[in-house]
file entry.cif (mmCIF, C-alpha atoms)
data_structure
#
loop_
_atom_site.label_atom_id
_atom_site.label_comp_id
_atom_site.auth_asym_id
_atom_site.auth_seq_id
_atom_site.Cartn_x
_atom_site.Cartn_y
_atom_site.Cartn_z
CA MET A 1242 -6.41 -16.72 25.46
CA THR A 1243 -5.00 -16.09 22.01
CA LYS A 1244 -1.23 -16.55 21.89
CA PRO A 1245 0.63 -13.38 20.76
CA ASN A 1246 2.34 -15.13 17.87
CA ALA A 1247 -0.63 -17.16 16.74
CA SER A 1248 -3.12 -16.41 14.05
CA LEU A 1249 -6.49 -15.19 15.24
CA SER A 1250 -8.52 -18.13 16.52
CA ILE A 1251 -12.27 -17.88 16.14
CA GLN A 1252 -13.00 -21.48 17.08
CA ASN A 1253 -14.59 -20.48 20.39
CA TYR A 1254 -17.25 -18.17 19.03
CA THR A 1255 -19.83 -18.14 16.30
CA PRO A 1256 -19.45 -15.35 13.74
CA THR A 1257 -22.43 -13.10 13.31
CA ARG A 1258 -25.11 -14.53 11.04
CA ALA A 1259 -27.85 -12.63 9.26
CA ASP A 1260 -31.43 -13.38 8.34
CA THR A 1261 -31.08 -12.88 4.61
CA GLY A 1262 -34.65 -13.72 3.72
CA ALA A 1263 -36.08 -10.24 4.15
CA ILE A 1264 -33.07 -8.29 2.86
CA GLU A 1265 -33.36 -6.87 -0.64
CA VAL A 1266 -29.98 -6.81 -2.37
CA PRO A 1267 -29.90 -4.47 -5.38
CA ASP A 1268 -28.56 -5.58 -8.74
CA ILE A 1269 -25.11 -4.38 -9.73
CA LEU A 1270 -23.44 -3.78 -13.07
CA GLU A 1271 -19.88 -3.71 -14.32
CA VAL A 1272 -18.45 -0.32 -15.21
CA GLU A 1273 -15.13 0.97 -16.41
CA GLN A 1274 -13.56 3.99 -14.72
CA ARG A 1275 -11.26 5.89 -17.05
CA PHE A 1276 -8.17 7.74 -15.86
CA PRO A 1277 -5.11 9.36 -17.50
CA ASN A 1278 -3.03 6.48 -18.87
CA GLU A 1279 0.44 7.84 -19.58
CA GLN A 1280 2.91 4.99 -19.15
CA VAL A 1281 6.51 3.97 -19.66
CA GLY A 1282 6.87 1.61 -22.60
CA ASP A 1283 10.11 -0.14 -21.61
CA VAL A 1284 10.81 0.00 -17.88
CA ARG A 1285 14.27 -1.56 -18.04
CA GLN A 1286 15.53 0.67 -20.84
CA THR A 1287 14.10 3.77 -19.22
CA VAL A 1288 15.93 2.96 -15.99
CA LEU A 1289 19.18 2.43 -17.87
CA ASP A 1290 18.73 5.75 -19.66
CA GLU A 1291 18.08 7.50 -16.35
CA LEU A 1292 21.20 5.97 -14.78
CA ALA A 1293 23.50 7.07 -17.60
CA PRO A 1294 24.47 10.44 -16.01
CA PHE A 1295 25.88 8.57 -13.00
CA SER A 1296 28.34 6.48 -15.02
CA THR A 1297 31.15 8.91 -14.19
CA LEU A 1298 31.03 8.11 -10.46
CA GLU A 1299 33.69 5.79 -9.06
CA TRP A 1300 32.09 2.34 -9.12
CA LYS A 1301 34.85 -0.25 -9.48
CA GLY A 1302 34.88 -2.62 -6.52
CA LYS A 1303 32.37 -0.54 -4.55
CA HIS A 1304 29.77 -2.30 -2.40
CA ILE A 1305 26.48 -0.54 -3.16
CA ALA A 1306 23.26 -0.98 -1.17
CA ILE A 1307 19.95 -0.74 -3.03
CA THR A 1308 16.72 -0.30 -1.09
CA ALA A 1309 13.85 -2.73 -1.61
CA GLY A 1310 10.51 -2.03 0.03
CA SER A 1311 7.46 -4.01 1.07
CA ARG A 1312 4.93 -2.82 -1.49
CA GLY A 1313 3.67 -4.57 -4.58
CA ILE A 1314 4.73 -2.09 -7.25
CA ASN A 1315 4.46 -2.90 -10.94
CA GLY A 1316 7.79 -2.37 -12.63
CA MET A 1317 9.77 -2.54 -9.39
CA ILE A 1318 11.35 -5.91 -10.15
CA GLU A 1319 12.47 -4.72 -13.58
CA THR A 1320 13.72 -1.47 -12.05
CA LEU A 1321 15.79 -3.19 -9.39
CA GLN A 1322 17.13 -5.70 -11.91
CA ALA A 1323 18.20 -2.88 -14.23
CA ILE A 1324 19.95 -1.03 -11.39
CA VAL A 1325 21.77 -4.19 -10.31
CA SER A 1326 22.76 -4.98 -13.88
CA GLN A 1327 24.06 -1.50 -14.66
CA LEU A 1328 26.03 -1.17 -11.43
CA THR A 1329 27.58 -4.59 -12.04
CA ILE A 1330 28.59 -3.58 -15.57
CA TRP A 1331 30.22 -0.48 -14.11
CA GLY A 1332 32.26 -2.72 -11.81
CA ALA A 1333 30.32 -2.29 -8.57
CA LYS A 1334 29.19 -5.04 -6.19
CA PRO A 1335 25.51 -4.27 -5.56
CA PHE A 1336 23.36 -5.85 -2.88
CA LEU A 1337 19.78 -5.25 -1.74
CA VAL A 1338 18.61 -4.29 1.74
CA PRO A 1339 15.02 -4.62 2.96
CA ALA A 1340 14.01 -1.01 3.65
CA MET A 1341 10.63 -1.42 5.28
CA GLY A 1342 10.72 -0.12 8.84
CA SER A 1343 8.94 -2.63 11.05
CA HIS A 1344 7.20 -4.68 8.38
CA GLY A 1345 7.66 -8.43 8.30
CA GLY A 1346 7.15 -8.57 12.05
CA ALA A 1347 10.29 -6.42 12.52
CA THR A 1348 12.50 -9.49 12.05
CA VAL A 1349 15.22 -10.30 9.55
CA GLU A 1350 13.47 -13.48 8.47
CA GLY A 1351 10.14 -11.70 8.16
CA GLN A 1352 11.52 -8.90 6.01
CA VAL A 1353 13.32 -11.30 3.69
CA ALA A 1354 10.08 -13.27 3.40
CA VAL A 1355 8.19 -10.10 2.45
CA LEU A 1356 10.65 -9.47 -0.38
CA GLU A 1357 10.36 -13.08 -1.52
CA SER A 1358 6.57 -12.78 -1.62
CA LEU A 1359 7.02 -9.85 -4.01
CA GLY A 1360 9.37 -11.82 -6.27
CA ILE A 1361 12.50 -10.07 -4.99
CA THR A 1362 15.03 -12.81 -4.35
CA GLU A 1363 18.75 -13.23 -4.86
CA ALA A 1364 17.99 -15.39 -7.89
CA THR A 1365 15.66 -12.89 -9.57
CA MET A 1366 17.85 -9.88 -8.75
CA GLY A 1367 21.23 -11.37 -9.55
CA ALA A 1368 22.59 -9.88 -6.34
CA PRO A 1369 22.66 -10.84 -2.66
CA ILE A 1370 20.04 -9.67 -0.17
CA ARG A 1371 21.62 -8.56 3.08
CA ALA A 1372 19.14 -8.09 5.88
CA SER A 1373 19.68 -6.79 9.38
CA MET A 1374 17.63 -4.92 11.95
CA ASP A 1375 20.78 -3.21 13.29
CA VAL A 1376 20.97 0.54 12.78
CA VAL A 1377 23.36 3.43 13.16
CA GLU A 1378 22.03 6.60 14.77
CA LEU A 1379 22.93 9.55 12.56
CA GLY A 1380 21.44 12.39 14.55
CA ARG A 1381 18.32 13.67 16.29
CA ILE A 1382 15.38 15.82 15.26
CA GLN A 1383 12.63 17.43 17.28
CA GLY A 1384 15.01 17.40 20.24
CA THR A 1385 15.20 13.72 21.17
CA THR A 1386 13.93 11.69 18.20
CA PRO A 1387 16.71 9.56 16.68
CA VAL A 1388 17.31 9.41 12.94
CA CYS A 1389 18.64 5.96 12.09
CA CYS A 1390 20.00 4.11 9.08
CA ASP A 1391 20.30 0.41 8.35
CA ARG A 1392 23.84 -0.48 9.45
CA LEU A 1393 24.67 -2.57 6.39
CA ALA A 1394 23.56 0.24 4.08
CA PHE A 1395 25.36 2.92 6.07
CA GLU A 1396 28.62 0.96 6.11
CA SER A 1397 28.48 0.32 2.35
CA ASP A 1398 30.29 2.45 -0.19
CA GLY A 1399 27.05 3.99 -1.38
CA ILE A 1400 23.26 3.76 -1.22
CA VAL A 1401 20.76 3.86 -4.08
CA VAL A 1402 17.29 4.71 -2.81
CA CYS A 1403 14.48 3.28 -4.90
CA ASN A 1404 10.76 3.68 -4.26
CA ARG A 1405 7.39 4.66 -5.65
CA ILE A 1406 6.25 8.26 -5.15
CA LYS A 1407 2.57 8.54 -4.24
CA ALA A 1408 0.03 10.04 -1.89
CA HIS A 1409 0.26 8.67 1.63
CA THR A 1410 -2.72 7.17 3.43
CA ALA A 1411 -2.25 8.89 6.79
CA PHE A 1412 -0.82 12.38 6.26
CA SER A 1413 -0.62 15.15 3.68
CA GLY A 1414 2.37 17.29 2.76
CA ASP A 1415 4.92 18.21 0.12
CA TYR A 1416 6.56 14.81 0.67
CA GLU A 1417 4.46 11.75 1.42
CA SER A 1418 5.30 8.20 0.25
CA GLY A 1419 8.49 8.34 -1.74
CA LEU A 1420 12.27 8.51 -1.58
CA LEU A 1421 12.45 10.76 1.47
CA LYS A 1422 10.15 8.46 3.43
CA MET A 1423 12.11 5.43 2.24
CA MET A 1424 15.21 6.98 3.77
CA ALA A 1425 13.60 8.16 7.01
CA ILE A 1426 11.29 5.20 7.66
CA GLY A 1427 12.48 2.32 5.47
CA LEU A 1428 16.19 2.59 6.21
CA GLY A 1429 15.39 3.54 9.78
CA LYS A 1430 14.25 -0.04 10.43
CA HIS A 1431 12.23 -0.80 13.57
CA VAL A 1432 14.18 1.51 15.90
CA GLY A 1433 14.13 4.52 13.63
CA THR A 1434 10.58 4.17 12.40
CA THR A 1435 9.26 3.69 15.95
CA GLY A 1436 10.86 6.94 17.07
CA LEU A 1437 9.42 8.91 14.17
CA HIS A 1438 5.97 7.40 14.51
CA ARG A 1439 5.86 8.40 18.16
CA LEU A 1440 5.68 11.98 16.94
CA GLY A 1441 2.39 11.13 15.24
CA PHE A 1442 1.26 11.37 11.63
CA GLY A 1443 0.27 14.96 12.26
CA ALA A 1444 3.97 15.81 12.43
CA PHE A 1445 5.07 13.75 9.43
CA ALA A 1446 4.82 16.52 6.87
CA LYS A 1447 7.60 18.23 8.82
CA VAL A 1448 9.65 15.38 10.30
CA ILE A 1449 9.98 13.23 7.17
CA PRO A 1450 11.94 15.91 5.25
CA GLU A 1451 13.86 16.79 8.43
CA ALA A 1452 14.94 13.17 8.96
CA ALA A 1453 15.72 12.71 5.27
CA ALA A 1454 17.96 15.81 5.34
CA VAL A 1455 19.97 14.25 8.17
CA ILE A 1456 20.37 11.01 6.22
CA LEU A 1457 21.40 12.85 3.06
CA GLU A 1458 24.04 14.67 5.08
CA LYS A 1459 25.40 11.70 7.03
CA ALA A 1460 24.80 8.59 4.90
CA PRO A 1461 26.42 7.80 1.52
CA ILE A 1462 23.33 8.41 -0.64
CA LEU A 1463 24.42 8.30 -4.30
CA PHE A 1464 21.10 8.91 -6.04
CA GLY A 1465 17.44 8.06 -5.91
CA VAL A 1466 15.18 6.34 -8.40
CA GLY A 1467 11.54 7.34 -8.16
CA LEU A 1468 8.62 5.63 -9.88
CA VAL A 1469 5.13 7.03 -10.37
CA GLU A 1470 2.21 4.72 -11.13
CA ASN A 1471 -0.95 5.64 -12.99
CA ALA A 1472 -4.43 4.52 -11.95
CA TYR A 1473 -3.99 1.29 -13.95
CA ASN A 1474 -0.97 0.29 -11.80
CA GLN A 1475 1.32 0.89 -14.75
CA VAL A 1476 4.57 2.81 -14.48
CA ALA A 1477 3.88 6.32 -15.72
CA ARG A 1478 7.22 7.93 -14.90
CA ILE A 1479 10.71 6.85 -13.83
CA GLU A 1480 13.33 9.34 -12.81
CA ALA A 1481 16.81 9.02 -11.31
CA MET A 1482 17.92 12.07 -9.38
CA PRO A 1483 21.11 13.12 -7.57
CA PRO A 1484 20.96 13.97 -3.85
CA ASN A 1485 20.92 17.72 -4.44
CA SER A 1486 17.70 17.54 -6.47
CA LEU A 1487 15.82 14.91 -4.45
CA PHE A 1488 13.70 17.40 -2.54
CA ASP A 1489 12.65 19.46 -5.55
CA ARG A 1490 11.96 16.57 -7.88
CA GLU A 1491 10.09 14.42 -5.36
CA ARG A 1492 7.77 17.32 -4.53
CA GLU A 1493 7.02 17.82 -8.22
CA LEU A 1494 6.54 14.11 -8.90
CA LEU A 1495 4.17 13.76 -5.95
CA SER A 1496 2.03 16.56 -7.33
CA TYR A 1497 1.96 14.75 -10.68
CA ALA A 1498 1.14 11.39 -9.03
CA LYS A 1499 -1.91 12.87 -7.33
CA THR A 1500 -3.35 14.01 -10.66
CA ILE A 1501 -3.28 10.51 -12.18
CA MET A 1502 -3.97 8.20 -9.22
CA GLY A 1503 -6.98 5.92 -9.06
CA ARG A 1504 -10.06 6.85 -7.07
CA LEU A 1505 -13.76 6.17 -6.94
CA LEU A 1506 -15.46 8.54 -9.37
CA VAL A 1507 -18.87 8.36 -7.72
CA SER A 1508 -20.10 9.96 -4.51
CA ASP A 1509 -22.22 9.04 -1.50
CA ILE A 1510 -21.73 5.28 -1.36
CA ASP A 1511 -23.95 3.39 1.08
CA ILE A 1512 -21.84 0.21 1.06
CA LEU A 1513 -18.37 -0.47 -0.32
CA VAL A 1514 -17.57 -4.16 -0.86
CA VAL A 1515 -13.83 -4.89 -1.05
CA ASP A 1516 -12.65 -8.31 -2.18
CA GLU A 1517 -9.28 -8.03 -0.41
CA LEU A 1518 -7.12 -5.80 1.74
CA GLY A 1519 -3.38 -6.13 2.21
CA LYS A 1520 -0.06 -4.43 2.78
CA ASP A 1521 0.88 -5.20 -0.83
CA VAL A 1522 -2.18 -3.20 -1.90
CA SER A 1523 -1.59 -0.22 0.38
CA GLY A 1524 0.50 0.57 3.43
CA ALA A 1525 -2.78 1.06 5.28
CA GLY A 1526 -4.33 -2.13 3.90
CA LEU A 1527 -7.20 -0.02 2.57
CA ASP A 1528 -6.05 3.17 0.83
CA SER A 1529 -7.64 6.19 2.52
CA ASN A 1530 -7.32 8.12 -0.72
CA VAL A 1531 -9.97 5.73 -2.05
CA THR A 1532 -12.13 5.01 0.98
CA GLY A 1533 -11.89 8.37 2.73
CA ARG A 1534 -11.15 6.51 5.99
CA SER A 1535 -7.77 6.74 7.69
CA ALA A 1536 -6.49 5.48 11.04
CA SER A 1537 -4.93 8.92 11.51
CA GLY A 1538 -8.11 10.85 10.74
CA LEU A 1539 -6.80 12.15 7.40
CA ARG A 1540 -9.56 13.25 5.06
CA ARG A 1541 -8.68 13.51 1.39
CA ALA A 1542 -10.57 15.94 -0.80
CA GLY A 1543 -12.44 14.09 -3.50
CA ALA A 1544 -12.91 10.83 -1.57
CA PRO A 1545 -16.56 9.76 -1.44
CA THR A 1546 -18.63 9.52 1.71
CA ILE A 1547 -19.06 5.81 2.49
CA GLY A 1548 -21.56 4.45 4.99
CA ARG A 1549 -20.32 0.87 5.46
CA ILE A 1550 -17.23 -1.00 4.31
CA LEU A 1551 -17.21 -4.79 3.94
CA VAL A 1552 -13.95 -6.73 3.45
CA ARG A 1553 -14.22 -10.25 2.09
CA ASP A 1554 -10.61 -11.49 2.33
CA LEU A 1555 -6.93 -10.73 2.91
CA SER A 1556 -4.52 -10.72 -0.01
CA LYS A 1557 -2.15 -13.65 -0.19
CA LYS A 1558 0.94 -11.44 -0.20
CA THR A 1559 -0.02 -9.61 2.98
CA ALA A 1560 0.88 -12.86 4.80
CA GLY A 1561 -1.63 -12.38 7.62
CA ASN A 1562 -0.90 -8.70 8.26
CA ALA A 1563 -4.45 -7.37 8.45
CA LEU A 1564 -3.65 -3.73 9.19
CA GLY A 1565 -6.58 -1.77 7.81
CA MET A 1566 -9.30 -4.16 8.92
CA GLY A 1567 -10.24 -1.68 11.65
CA LEU A 1568 -11.26 0.78 8.95
CA ALA A 1569 -13.90 -1.70 7.78
CA ASP A 1570 -17.24 -2.36 9.44
CA PHE A 1571 -17.61 -6.02 8.46
CA LEU A 1572 -15.07 -8.78 7.87
CA CYS A 1573 -15.86 -12.21 6.45
CA LYS A 1574 -14.77 -15.26 8.47
CA ARG A 1575 -12.59 -16.26 5.52
CA ALA A 1576 -10.47 -13.17 6.16
CA ALA A 1577 -10.60 -13.39 9.96
CA ASP A 1578 -9.18 -16.92 9.80
CA LYS A 1579 -6.05 -15.56 8.10
CA VAL A 1580 -5.28 -12.71 10.50
CA ILE A 1581 -1.88 -13.04 12.20
CA LEU A 1582 -1.93 -10.87 15.28
CA SER A 1583 1.84 -10.55 15.75
CA SER A 1584 2.37 -9.00 12.30
CA THR A 1585 -0.75 -6.86 12.47
CA TYR A 1586 -0.14 -5.54 15.98
CA THR A 1587 3.57 -4.87 15.45
CA ASN A 1588 2.76 -2.81 12.39
CA ALA A 1589 -0.09 -0.93 14.09
CA ILE A 1590 1.81 -0.15 17.28
CA THR A 1591 4.95 0.95 15.45
CA ALA A 1592 2.92 3.23 13.19
CA GLY A 1593 0.75 4.50 16.03
CA ALA A 1594 -2.26 3.52 13.91
CA LEU A 1595 -4.12 1.37 16.43
CA LEU A 1596 -7.50 1.86 14.80
CA GLY A 1597 -6.29 -0.03 11.74
CA ALA A 1598 -5.72 -3.22 13.79
CA LYS A 1599 -9.09 -3.36 15.56
CA MET A 1600 -11.43 -6.21 14.71
CA PRO A 1601 -14.63 -5.32 12.86
CA ILE A 1602 -17.82 -7.39 13.06
CA VAL A 1603 -17.06 -10.86 11.68
CA ALA A 1604 -19.73 -12.45 9.49
CA ALA A 1605 -19.96 -16.15 8.71
CA SER A 1606 -20.13 -15.71 4.94
CA ASP A 1607 -20.13 -13.18 2.12
CA ARG A 1608 -23.91 -13.30 1.97
CA ASP A 1609 -24.23 -12.69 5.70
CA ALA A 1610 -21.74 -9.82 5.59
CA LEU A 1611 -23.57 -8.10 2.74
CA SER A 1612 -26.92 -8.57 4.46
CA LEU A 1613 -25.59 -7.13 7.71
CA ALA A 1614 -24.11 -4.16 5.88
CA ILE A 1615 -27.44 -3.48 4.18
CA GLN A 1616 -29.39 -3.87 7.44
CA SER A 1617 -27.12 -1.51 9.35
CA SER A 1618 -26.64 1.20 6.72
CA THR A 1619 -28.75 4.30 6.74
CA GLY A 1620 -30.13 6.36 3.87
CA SER A 1621 -31.63 4.70 0.82
CA SER A 1622 -33.18 1.25 1.03
CA GLY A 1623 -33.87 -1.78 -1.14
CA ALA A 1624 -33.09 -1.36 -4.82
CA ALA A 1625 -32.07 2.25 -4.14
CA LYS A 1626 -29.02 1.19 -2.10
CA ARG A 1627 -25.83 2.66 -3.55
CA ILE A 1628 -23.37 -0.26 -3.48
CA ALA A 1629 -19.88 -0.10 -4.98
CA HIS A 1630 -17.81 -3.27 -5.30
CA ILE A 1631 -14.06 -3.28 -5.95
CA ARG A 1632 -11.32 -5.92 -6.03
CA ASN A 1633 -9.07 -3.80 -3.81
CA THR A 1634 -8.20 -0.14 -3.36
CA LYS A 1635 -5.43 -0.38 -5.96
CA THR A 1636 -7.43 -1.94 -8.80
CA LEU A 1637 -10.04 0.61 -9.77
CA ASP A 1638 -10.36 0.55 -13.54
CA THR A 1639 -13.12 -2.08 -13.49
CA ILE A 1640 -15.61 -1.89 -10.62
CA TRP A 1641 -19.26 -2.78 -10.01
CA LEU A 1642 -22.01 -0.34 -9.07
CA SER A 1643 -25.61 -0.89 -8.07
CA SER A 1644 -28.30 0.27 -10.45
CA ALA A 1645 -29.03 3.26 -8.20
CA PHE A 1646 -25.92 4.93 -9.64
CA LEU A 1647 -27.18 4.83 -13.24
CA PRO A 1648 -28.65 8.36 -13.33
CA GLU A 1649 -25.30 9.71 -12.11
CA ILE A 1650 -23.02 7.84 -14.52
CA LEU A 1651 -24.91 7.78 -17.79
CA ASP A 1652 -23.39 9.97 -20.52
CA ARG A 1653 -20.12 10.44 -18.61
CA GLU A 1654 -16.78 10.07 -20.36
CA ASP A 1655 -14.87 8.95 -17.27
CA ILE A 1656 -17.30 6.13 -16.36
CA VAL A 1657 -18.53 3.72 -19.01
CA VAL A 1658 -21.14 1.02 -18.39
CA ILE A 1659 -19.92 -2.30 -19.83
CA GLY A 1660 -22.48 -4.71 -18.40
CA LYS A 1661 -26.15 -5.10 -17.63
CA PRO A 1662 -27.61 -5.08 -14.09
CA ARG A 1663 -27.28 -8.52 -12.53
CA ALA A 1664 -27.96 -10.00 -9.11
CA TYR A 1665 -25.20 -10.98 -6.72
CA GLU A 1666 -24.66 -14.73 -6.84
CA PHE A 1667 -23.73 -17.03 -3.93
CA ASP A 1668 -23.11 -20.76 -3.54
CA ASP A 1669 -24.76 -22.95 -0.91
CA SER A 1670 -22.23 -21.89 1.74
CA GLY A 1671 -22.94 -18.20 1.18
CA SER A 1672 -19.66 -17.53 -0.62
CA MET A 1673 -19.91 -15.01 -3.44
CA THR A 1674 -19.50 -16.48 -6.92
CA TRP A 1675 -20.20 -13.27 -8.86
CA PRO A 1676 -18.74 -10.68 -9.37
CA THR A 1677 -15.65 -12.21 -7.82
CA LYS A 1678 -12.95 -14.11 -9.66
CA ARG A 1679 -12.72 -16.74 -6.93
#

call {"tool": "encode", "arguments": {"input": "entry.cif", "output": "C-alpha cells"}}
result
Amino acid sequence: MTKPNASLSIQNYTPTRADTGAIEVPDILEVEQRFPNEQVGDVRQTVLDELAPFSTLEWKGKHIAITAGSRGINGMIETLQAIVSQLTIWGAKPFLVPAMGSHGGATVEGQVAVLESLGITEATMGAPIRASMDVVELGRIQGTTPVCCDRLAFESDGIVVCNRIKAHTAFSGDYESGLLKMMAIGLGKHVGTTGLHRLGFGAFAKVIPEAAAVILEKAPILFGVGLVENAYNQVARIEAMPPNSLFDRERELLSYAKTIMGRLLVSDIDILVVDELGKDVSGAGLDSNVTGRSASGLRRAGAPTIGRILVRDLSKKTAGNALGMGLADFLCKRAADKVILSSTYTNAITAGALLGAKMPIVAASDRDALSLAIQSSTGSSGAAKRIAHIRNTKTLDTIWLSSAFLPEILDREDIVVIGKPRAYEFDDSGSMTWPTKR
C-alpha cells in the first residue's frame, strides 16, 4: 500500500508499453503564435509610480503584511521588492505572508518552501516572511460558510494585497483569479479556502466577491496591486488601487486580461503533447483556458476540441504536486515517478477538484505515450493526425504542429511557420530528444 505522505511508487507494476512498429507518427513543424504584446517597460518604477498616491497614509512604525502567492508570475519578485522598498522608505516595517490557501501541503513549512521555489525569500525581498496556518474568522456567508483571514495579516497594522488578475481555470464570472480571490482564498488559508470550496466552483462567481467584501470590511486592507500578463508571460499592466475601487478596477482588468491571454489558435486537435504540467504554470496544472478541459466542467469559448492529452513531465517548481494530471489521458513514467500524493490530494480535496488528481494511463516512455495516444485517438489517421505540441499551457508563443495543420495556418498573420516539417526524434530509451529542450 502506498503511504499517504510518500511519492507515488510504481515499482510493483509495469507501465503500459506500446508496439510502435506499426504506428505512423506525422511530422511536425515549429510555428510562432502571435498575440497582443503590450508590456510594462520597467516593472519596479511602474510599481513605485503606482504607490505614490498612498504616501500620505500613516506608515511610520507600522507593521504591514504583503501577500505572496504560489504562482510563477513574471515581474512578481520585482513588484514585491518595490513594495517592500517603498514601504520601508516611508518608515513602515513590511513583512510577507504566504497567501495560498492549502498549497504547500497546507503546512507552514510547505508554504514557505513554495515561496522559496519561486525566488521569494527573506534575502531576496529584504523583509521577513511570517507564515502561519492560524486564521481569524471575520464573518459568514451563504449562511454557515466562514470567511477567514490569516491571523498574522489580520493582526498587522495593514495589509497590501498583491496578485495577478487573470481568467480562472474552473469558473467564470466578473471576478476570477485576482485580488478578491487572493483575499478570500489566499488569506483564508486552509480553513477558509476549504469552507469556500465546499460550496463548489459553480458558486464561486458569487461567493468570491461576497467573501472579499467581508474581508474589506473587517480586515485592515490598505490597497491592492494587480498585475496583468500578456500571452508572452510579460507584465502588460500594473495598477495599485484603494479598497473602494478594488471591485470596479479588478472587473475591468480581468476583461482586459482575457483579450490578451495566450491560447491555441488552431481548432480540432487530435493529440496535444505537453512537456510539463505544474502549479507554477497554472492553478489547475493544465490551464483549462488552453486545453478546454476543467475538473469543474468549465468550458471556455474559443478553446479547441482536443481528443487526447499527453503529459511528459512535471515542472520542477510544482514540487510533486501533480494536480491536473487527471485532465490528461496519458502520463509518462518520468512524470509519474515525481508525483507526491500528499500534496496532490490535499490540493484536490480542498478545491473539490478530485478529477484533477486521478491517475491517467502511465506509459513507459515518451515514444510509448505518443504511440498509445495515436492508437487510441479517433478521427484522422497516419500523416493526417492533427498533433499540437507545447512546452506548457503558459508558454504558447512557440509551439509545434503536425503537417496536417498547414492548410489552416498558411497565409495567417497570427500564426507564422518558422520551421520545416520534421520527424519526432527519440533516443534508445524512448525519451524524446526533439522538439524538447531536455

call {"tool": "closest_residue", "arguments": {"input": "entry.cif", "among": "A:Ala1368, A:Ala1408, A:Ala1481, A:Ala1598", "to": "Asn1530 in chain A", "atoms": "all atoms listed in the file"}}
result
A:Ala1408

call {"tool": "residues_around", "arguments": {"input": "entry.cif", "residues": "Ala1372 in chain A", "least_positions_apart": "5", "cutoff": "10 Å", "atoms": "all atoms listed in the file", "output": "PDB file with C-alpha atoms, keeping the file's coordinate frame"}}
result
ATOM      1  CA  PHE A1336      23.360  -5.850  -2.880  1.00  0.00           C
ATOM      2  CA  LEU A1337      19.780  -5.250  -1.740  1.00  0.00           C
ATOM      3  CA  VAL A1338      18.610  -4.290   1.740  1.00  0.00           C
ATOM      4  CA  PRO A1339      15.020  -4.620   2.960  1.00  0.00           C
ATOM      5  CA  ALA A1340      14.010  -1.010   3.650  1.00  0.00           C
ATOM      6  CA  THR A1348      12.500  -9.490  12.050  1.00  0.00           C
ATOM      7  CA  VAL A1349      15.220 -10.300   9.550  1.00  0.00           C
ATOM      8  CA  GLU A1350      13.470 -13.480   8.470  1.00  0.00           C
ATOM      9  CA  GLY A1351      10.140 -11.700   8.160  1.00  0.00           C
ATOM     10  CA  GLN A1352      11.520  -8.900   6.010  1.00  0.00           C
ATOM     11  CA  VAL A1353      13.320 -11.300   3.690  1.00  0.00           C
ATOM     12  CA  ASP A1391      20.300   0.410   8.350  1.00  0.00           C
ATOM     13  CA  ARG A1392      23.840  -0.480   9.450  1.00  0.00           C
ATOM     14  CA  LEU A1393      24.670  -2.570   6.390  1.00  0.00           C
ATOM     15  CA  ALA A1394      23.560   0.240   4.080  1.00  0.00           C
TER      16      ALA A1394
END

call {"tool": "atom_distance", "arguments": {"input": "entry.cif", "atom1": "CA of Ser1584 in chain A", "atom2": "CA of Ile1361 in chain A"}}
result
20.1 Å

call {"tool": "atom_distance", "arguments": {"input": "entry.cif", "atom1": "CA of Gly1538 in chain A", "atom2": "CA of Ile1602 in chain A"}}
result
20.8 Å

call {"tool": "closest_residue", "arguments": {"input": "entry.cif", "among": "A:Glu1279, A:Pro1369, A:Ser1486, A:Leu1270", "to": "Thr1500 in chain A", "atoms": "all atoms listed in the file"}}
result
A:Glu1279

call {"tool": "resolve_selection", "arguments": {"input": "entry.cif", "expression": "the PyMOL selection byres ((chain A and resi 1630) around 10)", "output": "PyMOL selection string"}}
result
chain A and resi 1269-1271+1512-1516+1550-1551+1628-1629+1631-1633+1637+1639-1643+1676-1677

call {"tool": "closest_residue", "arguments": {"input": "entry.cif", "among": "A:Val1402, A:Ala1536, A:Met1366, A:Ala1444", "to": "Gln1327 in chain A", "atoms": "all atoms listed in the file"}}
result
A:Met1366

call {"tool": "closest_residue", "arguments": {"input": "entry.cif", "among": "A:Ile1449, A:Val1281, A:Ala1605, A:Ala1460", "to": "Ser1397 in chain A", "atoms": "all atoms listed in the file"}}
result
A:Ala1460

call {"tool": "atom_distance", "arguments": {"input": "entry.cif", "atom1": "CA of Asp1652 in chain A", "atom2": "CA of Arg1504 in chain A"}}
result
19.2 Å

call {"tool": "resolve_selection", "arguments": {"input": "entry.cif", "expression": "the PyMOL selection byres ((chain A and resi 1467) around 6)", "output": "PyMOL selection string"}}
result
chain A and resi 1403-1405+1466+1468+1479-1480

call {"tool": "residues_around", "arguments": {"input": "entry.cif", "residues": "range 1658-1671 of chain A", "least_positions_apart": "6", "cutoff": "7 Å", "atoms": "all atoms listed in the file", "output": "ChimeraX atom specification"}}
result
/A:1267-1273,1606-1608,1644

call {"tool": "residues_near_point", "arguments": {"input": "entry.cif", "point": "(12.5, 1.5, 8.2)", "cutoff": "9 Å", "atoms": "all atoms listed in the file", "output": "number ranges by chain"}}
result
A: 1339-1344, 1389-1391, 1422-1435

call {"tool": "write_last_selection", "arguments": {"input": "entry.cif", "atoms": "C-alpha atoms", "output": "mmCIF file, in the frame of the given file"}}
result
data_model
loop_
_atom_site.group_PDB
_atom_site.id
_atom_site.type_symbol
_atom_site.label_atom_id
_atom_site.label_comp_id
_atom_site.auth_asym_id
_atom_site.auth_seq_id
_atom_site.Cartn_x
_atom_site.Cartn_y
_atom_site.Cartn_z
ATOM 1 C CA PRO A 1339 15.020 -4.620 2.960
ATOM 2 C CA ALA A 1340 14.010 -1.010 3.650
ATOM 3 C CA MET A 1341 10.630 -1.420 5.280
ATOM 4 C CA GLY A 1342 10.720 -0.120 8.840
ATOM 5 C CA SER A 1343 8.940 -2.630 11.050
ATOM 6 C CA HIS A 1344 7.200 -4.680 8.380
ATOM 7 C CA CYS A 1389 18.640 5.960 12.090
ATOM 8 C CA CYS A 1390 20.000 4.110 9.080
ATOM 9 C CA ASP A 1391 20.300 0.410 8.350
ATOM 10 C CA LYS A 1422 10.150 8.460 3.430
ATOM 11 C CA MET A 1423 12.110 5.430 2.240
ATOM 12 C CA MET A 1424 15.210 6.980 3.770
ATOM 13 C CA ALA A 1425 13.600 8.160 7.010
ATOM 14 C CA ILE A 1426 11.290 5.200 7.660
ATOM 15 C CA GLY A 1427 12.480 2.320 5.470
ATOM 16 C CA LEU A 1428 16.190 2.590 6.210
ATOM 17 C CA GLY A 1429 15.390 3.540 9.780
ATOM 18 C CA LYS A 1430 14.250 -0.040 10.430
ATOM 19 C CA HIS A 1431 12.230 -0.800 13.570
ATOM 20 C CA VAL A 1432 14.180 1.510 15.900
ATOM 21 C CA GLY A 1433 14.130 4.520 13.630
ATOM 22 C CA THR A 1434 10.580 4.170 12.400
ATOM 23 C CA THR A 1435 9.260 3.690 15.950
#
